[in-house]
Amino acid sequence: MIEQFFSEMLKDSCGDPVALGSGTGKRREDRSHAYEIGEGRLGVALLFEDARKWAYARRTLLAAGCALRQDGDTEGCFAFDRSDKAQIRAVVTLAGLTRLRNKAVISPQRPIFDSKAEAA
């Protein structure tokens, strides 16, 4: 479940949980965000206003071993493995996500959230 990894969890317009990252879109889907795609994998949608930023993010995530799913001019989607620390580090940094501090002590009744953005 994606809730085990990221702290700022909200529901998108379809009701699916997403971890919001950086961006200024009016809708939640218009910001960079991570989501669950099944089979132990997570996805990340990166939305930039500049093609150079997207090109840098694409190169960085491909080098980390993430799988490119969609490639646009200034945005795209990647699939990444939740057990690969290098992939998670790259995704968190590029999407502007906030990770949970202590993933081992999370309970559905009282989740422990990170109050500050964690770079790695």
# chains A, B, ... in the order shown; residues from 1 in each chain; ligands from 1
>>> select_by_dssp(residues="region 53-94 of chain A", states="helix (DSSP H, G or I)", output="PyMOL selection string")
chain A and resi 53-64+85-94
>>> select_by_dssp(residues="region 1-75 of chain A", states="strand (DSSP E or B)", output="list in words")
Phe6, Met9, Leu10, Lys11, Pro17, Val18, Ala19, Leu20, His33, Ala34, Tyr35, Glu36, Ile37, Gly38, Arg41, Leu42, Gly43, Val44, Ala45, Leu46, Leu47, Ala67, Leu68, Arg69, Gln70, Asp71 and Glu75 of chain A
>>> residues_around(residues="region 49-58 of chain A", least_positions_apart="6", cutoff="7 Å", atoms="only C-alpha atoms", output="short mmCIF file (atom, residue, chain, number, x, y, z; two decimals) with N, CA and C atoms, in the first residue's frame")
data_model
loop_
_atom_site.label_atom_id
_atom_site.label_comp_id
_atom_site.auth_asym_id
_atom_site.auth_seq_id
_atom_site.Cartn_x
_atom_site.Cartn_y
_atom_site.Cartn_z
N ASP A 73 6.04 15.95 -23.68
CA ASP A 73 6.99 17.04 -23.89
C ASP A 73 7.52 17.58 -22.57
N THR A 74 6.64 17.79 -21.59
CA THR A 74 7.05 18.35 -20.30
C THR A 74 6.59 17.50 -19.12
N GLU A 75 6.09 16.32 -19.38
CA GLU A 75 5.59 15.46 -18.30
C GLU A 75 5.66 14.01 -18.71
N LEU A 94 12.78 14.15 -7.15
CA LEU A 94 12.29 14.80 -8.38
C LEU A 94 10.82 15.21 -8.29
#
>>> residues_around(residues="Gly76 (chain A)", least_positions_apart="2", cutoff="9 Å", atoms="only C-alpha atoms", output="NGL selection string")
:A and (44-47 or 54 or 58 or 68-74 or 78)
>>> write_last_selection(atoms="N, CA and C atoms", output="PDB file, in the first residue's frame")
ATOM      1  N   VAL A  44       4.814   7.061 -10.538  1.00  0.00           N
ATOM      2  CA  VAL A  44       4.964   8.492 -10.270  1.00  0.00           C
ATOM      3  C   VAL A  44       4.662   9.245 -11.555  1.00  0.00           C
ATOM      4  N   ALA A  45       3.871  10.287 -11.424  1.00  0.00           N
ATOM      5  CA  ALA A  45       3.589  11.187 -12.540  1.00  0.00           C
ATOM      6  C   ALA A  45       4.334  12.487 -12.258  1.00  0.00           C
ATOM      7  N   LEU A  46       5.199  12.873 -13.162  1.00  0.00           N
ATOM      8  CA  LEU A  46       5.974  14.097 -13.012  1.00  0.00           C
ATOM      9  C   LEU A  46       5.453  15.121 -14.002  1.00  0.00           C
ATOM     10  N   LEU A  47       5.107  16.295 -13.503  1.00  0.00           N
ATOM     11  CA  LEU A  47       4.573  17.366 -14.348  1.00  0.00           C
ATOM     12  C   LEU A  47       5.427  18.608 -14.165  1.00  0.00           C
ATOM     13  N   TRP A  54      11.967  18.152 -17.431  1.00  0.00           N
ATOM     14  CA  TRP A  54      11.454  16.810 -17.703  1.00  0.00           C
ATOM     15  C   TRP A  54      12.551  15.926 -18.284  1.00  0.00           C
ATOM     16  N   ARG A  58      13.721  12.513 -16.569  1.00  0.00           N
ATOM     17  CA  ARG A  58      13.635  11.264 -17.339  1.00  0.00           C
ATOM     18  C   ARG A  58      14.975  10.534 -17.316  1.00  0.00           C
ATOM     19  N   LEU A  68       9.917   3.665 -17.756  1.00  0.00           N
ATOM     20  CA  LEU A  68       9.152   4.749 -18.369  1.00  0.00           C
ATOM     21  C   LEU A  68       7.837   4.196 -18.911  1.00  0.00           C
ATOM     22  N   ARG A  69       6.719   4.817 -18.498  1.00  0.00           N
ATOM     23  CA  ARG A  69       5.402   4.374 -18.949  1.00  0.00           C
ATOM     24  C   ARG A  69       4.772   5.344 -19.935  1.00  0.00           C
ATOM     25  N   GLN A  70       4.983   6.641 -19.721  1.00  0.00           N
ATOM     26  CA  GLN A  70       4.474   7.671 -20.631  1.00  0.00           C
ATOM     27  C   GLN A  70       5.523   8.754 -20.751  1.00  0.00           C
ATOM     28  N   ASP A  71       5.710   9.254 -21.967  1.00  0.00           N
ATOM     29  CA  ASP A  71       6.732  10.262 -22.227  1.00  0.00           C
ATOM     30  C   ASP A  71       6.122  11.394 -23.041  1.00  0.00           C
ATOM     31  N   GLY A  72       5.922  12.532 -22.399  1.00  0.00           N
ATOM     32  CA  GLY A  72       5.384  13.701 -23.082  1.00  0.00           C
ATOM     33  C   GLY A  72       6.455  14.763 -23.274  1.00  0.00           C
ATOM     34  N   ASP A  73       6.043  15.946 -23.684  1.00  0.00           N
ATOM     35  CA  ASP A  73       6.995  17.035 -23.889  1.00  0.00           C
ATOM     36  C   ASP A  73       7.523  17.584 -22.567  1.00  0.00           C
ATOM     37  N   THR A  74       6.639  17.789 -21.589  1.00  0.00           N
ATOM     38  CA  THR A  74       7.046  18.350 -20.302  1.00  0.00           C
ATOM     39  C   THR A  74       6.586  17.503 -19.124  1.00  0.00           C
ATOM     40  N   PHE A  78       6.412   7.140 -14.620  1.00  0.00           N
ATOM     41  CA  PHE A  78       7.357   6.051 -14.420  1.00  0.00           C
ATOM     42  C   PHE A  78       6.763   5.052 -13.445  1.00  0.00           C
TER      43      PHE A  78
END
>>> atom_distance(atom1="CA of Ala67 (chain A)", atom2="CA of Val92 (chain A)")
15.5 Å
>>> residues_around(residues="Ser83 (chain A)", least_positions_apart="3", cutoff="10 Å", atoms="only C-alpha atoms", output="JSON, numbers by chain")
{"A": [40, 41, 80, 86, 87, 88]}
>>> write_last_selection(atoms="C-alpha atoms", output="PDB file, in the first residue's frame")
ATOM      1  CA  GLY A  40       4.385  -4.413  -5.575  1.00  0.00           C
ATOM      2  CA  ARG A  41       5.095  -1.455  -7.832  1.00  0.00           C
ATOM      3  CA  PHE A  80       9.289   2.045  -9.742  1.00  0.00           C
ATOM      4  CA  ALA A  86      17.864   4.235  -5.292  1.00  0.00           C
ATOM      5  CA  GLN A  87      14.595   4.433  -7.216  1.00  0.00           C
ATOM      6  CA  ILE A  88      12.660   5.729  -4.213  1.00  0.00           C
TER       7      ILE A  88
END
>>> atom_distance(atom1="CA of Gly43 (chain A)", atom2="CA of Ala95 (chain A)")
11.2 Å
